[in-house]
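Taking it in order: structure first as structure tokens, then the write-up.
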Amino acid sequence: MADVIFLDLDGTLVDHRGAVFETIGRIARESPNATAPPGELADLWWALEARHMGEYLAGECSFGEHHRRRLRAFLPVLGEEVPDGNGLDAWIAQRYLAPFAENWRCYPDVLPCLEELRGLEGRPRLAVLTNGNAGQQRAKLERFGLLDHVEAVLTPAELGVAKPHAYGAACARMGVDPARAVNVGDVLEGDARAAVRAGLTGVWLDRGVDFYTGGPSPRADGSDLRIERLTELTDVLARATA
């Protein structure tokens, strides 16, 4: 068994995509001047999130500004005027972040997996490795009683680098040889294969949907360690390290 297991958060522990689409769908249905149906507006928000989150992770803007950039492009399609900076922040806080937090859902296989890992002899140390905002990600973990199971929550703010380039920095922060570390996440390329390239064992959690597109899962090859539920993790790691 590994010395350290890194766990992704969004799409692995908490259903981020589902919460986004539920929140934006409700906003769209409550907006009488919307220029597109709720499904299209949710798709647009998701695409804008990917674009501007990428800008934040590249250091091109702050986390708050990435929200403002998204909203400047989204509000005209929603049929609303674009307010100034303070108005944008208020819209995000009241209209989006509050209901978004209400729609967070922890996957049902998470706590059973963590309890199983906690019960192992010589149990591995656990850390969350996520590209999300530190405050928001800790709030998710606290909501579902997950903070007590992990030793650290590692984000670009702490590491100075984001996934898929953060694995070396994460291992250094945890004081572990990459060869003795495992990374588990729902994105085949960025969570599993990128970890392997950095010298870790990468495990792909295939939840049956592509996190970015919402379409079918990508296709694994024979070298990928794949699980469909987190409760399969201990077995697949035992086989991989036997």
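The way I read the labels, and the way they are meant: chains A, B, ... in the order of the structure tokens, residue 1 as the first residue of every chain, and ligand 1 as the first ligand shown, with later ones counted on from there.
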Can you pull out every residue within 10 Å of Glu80 of chain A, counting only C-alpha atoms, but drop anything in the same chain fewer than 6 positions away, and send it as a PyMOL selection string? chain A and resi 31-35+74
Run DSSP on the backbone and give me the residues of segment 16-151 of chain A it puts in strand (DSSP E or B), as a list in words.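 Selecting the strand (DSSP E or B) positions of segment 16-151 of chain A gives Cys106, Arg125, Leu126, Ala127, Val128 and Leu129 of chain A.
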Excluding segment 124-130 of chain A and residues on its chain fewer than 3 positions from it, collect all residues at most 7 Å away from it, counting only C-alpha atoms, and give them as a PyMOL selection string. chain A and resi 2-9+150-155
Those residues with all heavy atoms, as an mmCIF file, in the first residue's frame please?
```cif
data_model
loop_
_atom_site.group_PDB
_atom_site.id
_atom_site.type_symbol
_atom_site.label_atom_id
_atom_site.label_comp_id
_atom_site.auth_asym_id
_atom_site.auth_seq_id
_atom_site.Cartn_x
_atom_site.Cartn_y
_atom_site.Cartn_z
ATOM 1 N N ALA A 2 0.400 2.306 -0.558
ATOM 2 C CA ALA A 2 1.156 3.555 -0.661
ATOM 3 C C ALA A 2 1.314 4.224 0.698
ATOM 4 O O ALA A 2 0.566 3.956 1.642
ATOM 5 C CB ALA A 2 0.446 4.495 -1.617
ATOM 6 N N ASP A 3 2.296 5.124 0.785
ATOM 7 C CA ASP A 3 2.466 5.931 1.989
ATOM 8 C C ASP A 3 1.485 7.102 2.020
ATOM 9 O O ASP A 3 1.009 7.488 3.079
ATOM 10 C CB ASP A 3 3.893 6.475 2.053
ATOM 11 C CG ASP A 3 4.927 5.375 2.265
ATOM 12 O OD1 ASP A 3 4.556 4.310 2.790
ATOM 13 O OD2 ASP A 3 6.087 5.581 1.882
ATOM 14 N N VAL A 4 1.219 7.688 0.842
ATOM 15 C CA VAL A 4 0.306 8.834 0.738
ATOM 16 C C VAL A 4 -0.642 8.609 -0.430
ATOM 17 O O VAL A 4 -0.212 8.179 -1.510
ATOM 18 C CB VAL A 4 1.073 10.158 0.536
ATOM 19 C CG1 VAL A 4 0.105 11.309 0.235
ATOM 20 C CG2 VAL A 4 1.923 10.489 1.752
ATOM 21 N N ILE A 5 -1.906 8.888 -0.214
ATOM 22 C CA ILE A 5 -2.898 8.867 -1.289
ATOM 23 C C ILE A 5 -3.455 10.278 -1.436
ATOM 24 O O ILE A 5 -3.988 10.852 -0.476
ATOM 25 C CB ILE A 5 -4.035 7.866 -1.012
ATOM 26 C CG1 ILE A 5 -3.492 6.440 -0.942
ATOM 27 C CG2 ILE A 5 -5.118 7.971 -2.089
ATOM 28 C CD1 ILE A 5 -4.555 5.400 -0.611
ATOM 29 N N PHE A 6 -3.314 10.835 -2.628
ATOM 30 C CA PHE A 6 -3.917 12.124 -2.960
ATOM 31 C C PHE A 6 -5.279 11.870 -3.598
ATOM 32 O O PHE A 6 -5.406 11.039 -4.507
ATOM 33 C CB PHE A 6 -3.033 12.896 -3.937
ATOM 34 C CG PHE A 6 -1.696 13.285 -3.399
ATOM 35 C CD1 PHE A 6 -0.545 12.622 -3.811
ATOM 36 C CD2 PHE A 6 -1.573 14.319 -2.481
ATOM 37 C CE1 PHE A 6 0.696 12.974 -3.327
ATOM 38 C CE2 PHE A 6 -0.332 14.690 -1.983
ATOM 39 C CZ PHE A 6 0.814 14.012 -2.401
ATOM 40 N N LEU A 7 -6.276 12.602 -3.150
ATOM 41 C CA LEU A 7 -7.631 12.484 -3.684
ATOM 42 C C LEU A 7 -8.038 13.795 -4.330
ATOM 43 O O LEU A 7 -7.948 14.861 -3.712
ATOM 44 C CB LEU A 7 -8.625 12.141 -2.563
ATOM 45 C CG LEU A 7 -8.398 10.819 -1.832
ATOM 46 C CD1 LEU A 7 -9.181 10.794 -0.538
ATOM 47 C CD2 LEU A 7 -8.808 9.644 -2.724
ATOM 48 N N ASP A 8 -8.489 13.716 -5.567
ATOM 49 C CA ASP A 8 -9.118 14.870 -6.200
ATOM 50 C C ASP A 8 -10.423 15.161 -5.462
ATOM 51 O O ASP A 8 -10.945 14.304 -4.737
ATOM 52 C CB ASP A 8 -9.376 14.528 -7.675
ATOM 53 C CG ASP A 8 -10.149 15.605 -8.395
ATOM 54 O OD1 ASP A 8 -9.721 16.774 -8.353
ATOM 55 O OD2 ASP A 8 -11.190 15.282 -8.998
ATOM 56 N N LEU A 9 -10.981 16.361 -5.656
ATOM 57 C CA LEU A 9 -12.212 16.705 -4.955
ATOM 58 C C LEU A 9 -13.421 16.759 -5.899
ATOM 59 O O LEU A 9 -14.325 15.948 -5.814
ATOM 60 C CB LEU A 9 -12.042 18.040 -4.211
ATOM 61 C CG LEU A 9 -13.007 18.294 -3.048
ATOM 62 C CD1 LEU A 9 -12.479 19.386 -2.145
ATOM 63 C CD2 LEU A 9 -14.409 18.631 -3.500
ATOM 64 N N VAL A 150 -8.514 13.635 6.317
ATOM 65 C CA VAL A 150 -7.346 13.989 5.502
ATOM 66 C C VAL A 150 -6.370 14.834 6.305
ATOM 67 O O VAL A 150 -6.753 15.605 7.187
ATOM 68 C CB VAL A 150 -7.761 14.725 4.212
ATOM 69 C CG1 VAL A 150 -8.684 13.843 3.374
ATOM 70 C CG2 VAL A 150 -8.421 16.059 4.508
ATOM 71 N N GLU A 151 -5.110 14.682 5.970
ATOM 72 C CA GLU A 151 -4.050 15.414 6.659
ATOM 73 C C GLU A 151 -3.853 16.808 6.084
ATOM 74 O O GLU A 151 -3.440 17.724 6.790
ATOM 75 C CB GLU A 151 -2.754 14.612 6.528
ATOM 76 C CG GLU A 151 -1.551 15.196 7.218
ATOM 77 C CD GLU A 151 -0.334 14.293 7.110
ATOM 78 O OE1 GLU A 151 -0.502 13.054 7.133
ATOM 79 O OE2 GLU A 151 0.783 14.826 6.985
ATOM 80 N N ALA A 152 -4.148 16.981 4.804
ATOM 81 C CA ALA A 152 -3.897 18.271 4.152
ATOM 82 C C ALA A 152 -4.879 18.474 3.013
ATOM 83 O O ALA A 152 -5.377 17.503 2.424
ATOM 84 C CB ALA A 152 -2.462 18.331 3.623
ATOM 85 N N VAL A 153 -5.151 19.747 2.711
ATOM 86 C CA VAL A 153 -5.911 20.142 1.522
ATOM 87 C C VAL A 153 -4.976 21.021 0.705
ATOM 88 O O VAL A 153 -4.658 22.140 1.106
ATOM 89 C CB VAL A 153 -7.200 20.885 1.887
ATOM 90 C CG1 VAL A 153 -7.965 21.280 0.624
ATOM 91 C CG2 VAL A 153 -8.076 20.047 2.812
ATOM 92 N N LEU A 154 -4.527 20.506 -0.425
ATOM 93 C CA LEU A 154 -3.511 21.167 -1.238
ATOM 94 C C LEU A 154 -4.154 21.767 -2.477
ATOM 95 O O LEU A 154 -4.802 21.069 -3.256
ATOM 96 C CB LEU A 154 -2.422 20.166 -1.636
ATOM 97 C CG LEU A 154 -1.736 19.441 -0.466
ATOM 98 C CD1 LEU A 154 -0.719 18.442 -0.990
ATOM 99 C CD2 LEU A 154 -1.075 20.436 0.482
ATOM 100 N N THR A 155 -3.968 23.077 -2.657
ATOM 101 C CA THR A 155 -4.522 23.803 -3.793
ATOM 102 C C THR A 155 -3.397 24.586 -4.461
ATOM 103 O O THR A 155 -2.290 24.686 -3.925
ATOM 104 C CB THR A 155 -5.617 24.777 -3.338
ATOM 105 O OG1 THR A 155 -5.010 25.878 -2.644
ATOM 106 C CG2 THR A 155 -6.629 24.099 -2.416
#
```
Mind the document's chain letters and residue numbers, and return as a PyMOL selection string the residues of segment 12-201 of chain A that DSSP labels alpha helix (DSSP H). chain A and resi 16-29+38-57+63-78+85-91+98-102+110-118+134-143+156-159+167-174+194-197
Contact residues around Pro156 of chain A with only C-alpha atoms at 8 Å, ignoring same-chain residues under 3 positions, as a PDB file with C-alpha atoms, in the first residue's frame:
```pdb
ATOM      1  CA  LEU A  57      -4.901  28.698 -12.733  1.00  0.00           C
ATOM      2  CA  THR A 130      -7.500  20.059  -5.982  1.00  0.00           C
ATOM      3  CA  ASN A 131      -7.349  22.992  -8.376  1.00  0.00           C
ATOM      4  CA  GLY A 132     -10.248  24.711  -6.638  1.00  0.00           C
ATOM      5  CA  LEU A 159       1.626  24.725  -3.981  1.00  0.00           C
ATOM      6  CA  GLY A 160       2.170  27.574  -6.432  1.00  0.00           C
ATOM      7  CA  VAL A 161       1.202  25.294  -9.319  1.00  0.00           C
ATOM      8  CA  ALA A 162      -1.965  23.557 -10.520  1.00  0.00           C
ATOM      9  CA  ALA A 166       1.322  19.899  -9.285  1.00  0.00           C
TER      10      ALA A 166
END
```
Can you list, as a list of chain:residue names, every protein, DNA or RNA residue that comes within 9 Å of Glu189 of chain A when you count only C-alpha atoms, leaving out same-chain residues fewer than 3 positions away?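 In the requested format, the answer is A:Pro164, A:Ala192, A:Arg193, A:Ala194, A:Ala195, A:Trp204.
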Figure out the distance between atom CA of Ala181 of chain A and atom CA of Leu117 of chain A, please, to one decimal in Å.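 Pair atom CA of Leu117 of chain A / atom CA of Ala181 of chain A returns 14.4 Å.
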Just want the 12 Å neighbourhood of Leu78 of chain A, counted on only C-alpha atoms, with same-chain residues fewer than 5 positions away dropped. Output as a list in words.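 Result of the neighbour search: Ile24, Gly25, Arg26, Ile27, Ala28, Arg29, Glu30, Ser31, Pro32, Asn33, Ala34, Thr35, Ala36, Pro37, Pro38, Glu40, Leu41, Ala42, Leu44, Trp45, Leu71, Arg72 and Ala73 of chain A.
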Write the residues of the selection above to a file with N, CA, C and O atoms, as a short mmCIF file (atom, residue, chain, number, x, y, z; two decimals), in the first residue's frame.
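Just written: out22.cif:
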```
data_model
loop_
_atom_site.label_atom_id
_atom_site.label_comp_id
_atom_site.auth_asym_id
_atom_site.auth_seq_id
_atom_site.Cartn_x
_atom_site.Cartn_y
_atom_site.Cartn_z
N ILE A 24 -27.45 26.70 -12.17
CA ILE A 24 -27.67 27.56 -13.34
C ILE A 24 -29.02 27.27 -13.99
O ILE A 24 -29.69 28.19 -14.48
N GLY A 25 -29.45 26.03 -13.96
CA GLY A 25 -30.77 25.71 -14.49
C GLY A 25 -31.87 26.46 -13.76
O GLY A 25 -32.80 27.00 -14.37
N ARG A 26 -31.73 26.53 -12.43
CA ARG A 26 -32.74 27.25 -11.65
C ARG A 26 -32.69 28.74 -11.93
O ARG A 26 -33.72 29.41 -12.08
N ILE A 27 -31.47 29.30 -12.00
CA ILE A 27 -31.33 30.72 -12.32
C ILE A 27 -31.97 31.03 -13.67
O ILE A 27 -32.68 32.03 -13.83
N ALA A 28 -31.73 30.17 -14.64
CA ALA A 28 -32.28 30.40 -15.98
C ALA A 28 -33.81 30.34 -15.98
O ALA A 28 -34.48 31.16 -16.63
N ARG A 29 -34.36 29.40 -15.26
CA ARG A 29 -35.82 29.27 -15.22
C ARG A 29 -36.48 30.46 -14.54
O ARG A 29 -37.64 30.79 -14.82
N GLU A 30 -35.74 31.11 -13.64
CA GLU A 30 -36.29 32.25 -12.91
C GLU A 30 -35.98 33.59 -13.60
O GLU A 30 -36.29 34.65 -13.04
N SER A 31 -35.39 33.54 -14.80
CA SER A 31 -35.00 34.76 -15.51
C SER A 31 -35.91 34.96 -16.71
O SER A 31 -35.76 34.29 -17.74
N PRO A 32 -36.89 35.88 -16.63
CA PRO A 32 -37.89 36.02 -17.69
C PRO A 32 -37.33 36.53 -19.01
O PRO A 32 -37.94 36.31 -20.06
N ASN A 33 -36.17 37.16 -18.99
CA ASN A 33 -35.61 37.73 -20.22
C ASN A 33 -34.49 36.88 -20.82
O ASN A 33 -33.77 37.36 -21.70
N ALA A 34 -34.35 35.67 -20.33
CA ALA A 34 -33.28 34.80 -20.84
C ALA A 34 -33.44 34.59 -22.34
O ALA A 34 -34.56 34.42 -22.85
N THR A 35 -32.32 34.60 -23.06
CA THR A 35 -32.36 34.48 -24.52
C THR A 35 -32.12 33.05 -25.00
O THR A 35 -32.06 32.82 -26.20
N ALA A 36 -32.00 32.11 -24.07
CA ALA A 36 -31.78 30.71 -24.42
C ALA A 36 -32.42 29.85 -23.35
O ALA A 36 -32.64 30.30 -22.22
N PRO A 37 -32.74 28.59 -23.67
CA PRO A 37 -33.35 27.71 -22.67
C PRO A 37 -32.35 27.34 -21.57
O PRO A 37 -31.13 27.49 -21.74
N PRO A 38 -32.85 26.84 -20.44
CA PRO A 38 -31.98 26.55 -19.30
C PRO A 38 -30.81 25.62 -19.62
O PRO A 38 -29.69 25.85 -19.14
N GLU A 40 -29.17 25.20 -22.42
CA GLU A 40 -28.13 25.91 -23.18
C GLU A 40 -27.38 26.91 -22.29
O GLU A 40 -26.17 27.08 -22.42
N LEU A 41 -28.10 27.56 -21.40
CA LEU A 41 -27.45 28.50 -20.50
C LEU A 41 -26.50 27.78 -19.54
O LEU A 41 -25.42 28.27 -19.24
N ALA A 42 -26.90 26.60 -19.07
CA ALA A 42 -26.01 25.83 -18.21
C ALA A 42 -24.76 25.39 -18.97
O ALA A 42 -23.65 25.44 -18.43
N LEU A 44 -23.43 26.99 -21.47
CA LEU A 44 -22.62 28.19 -21.64
C LEU A 44 -21.85 28.51 -20.37
O LEU A 44 -20.64 28.80 -20.41
N TRP A 45 -22.52 28.46 -19.22
CA TRP A 45 -21.84 28.74 -17.95
C TRP A 45 -20.68 27.77 -17.74
O TRP A 45 -19.60 28.16 -17.32
N LEU A 71 -19.12 36.18 -15.57
CA LEU A 71 -20.43 36.83 -15.47
C LEU A 71 -20.61 37.89 -16.54
O LEU A 71 -21.73 38.07 -17.05
N ARG A 72 -19.55 38.60 -16.92
CA ARG A 72 -19.68 39.61 -17.97
C ARG A 72 -20.13 38.99 -19.29
O ARG A 72 -20.84 39.63 -20.07
N ALA A 73 -19.70 37.77 -19.55
CA ALA A 73 -20.11 37.10 -20.78
C ALA A 73 -21.48 36.44 -20.64
O ALA A 73 -22.22 36.32 -21.62
#
```
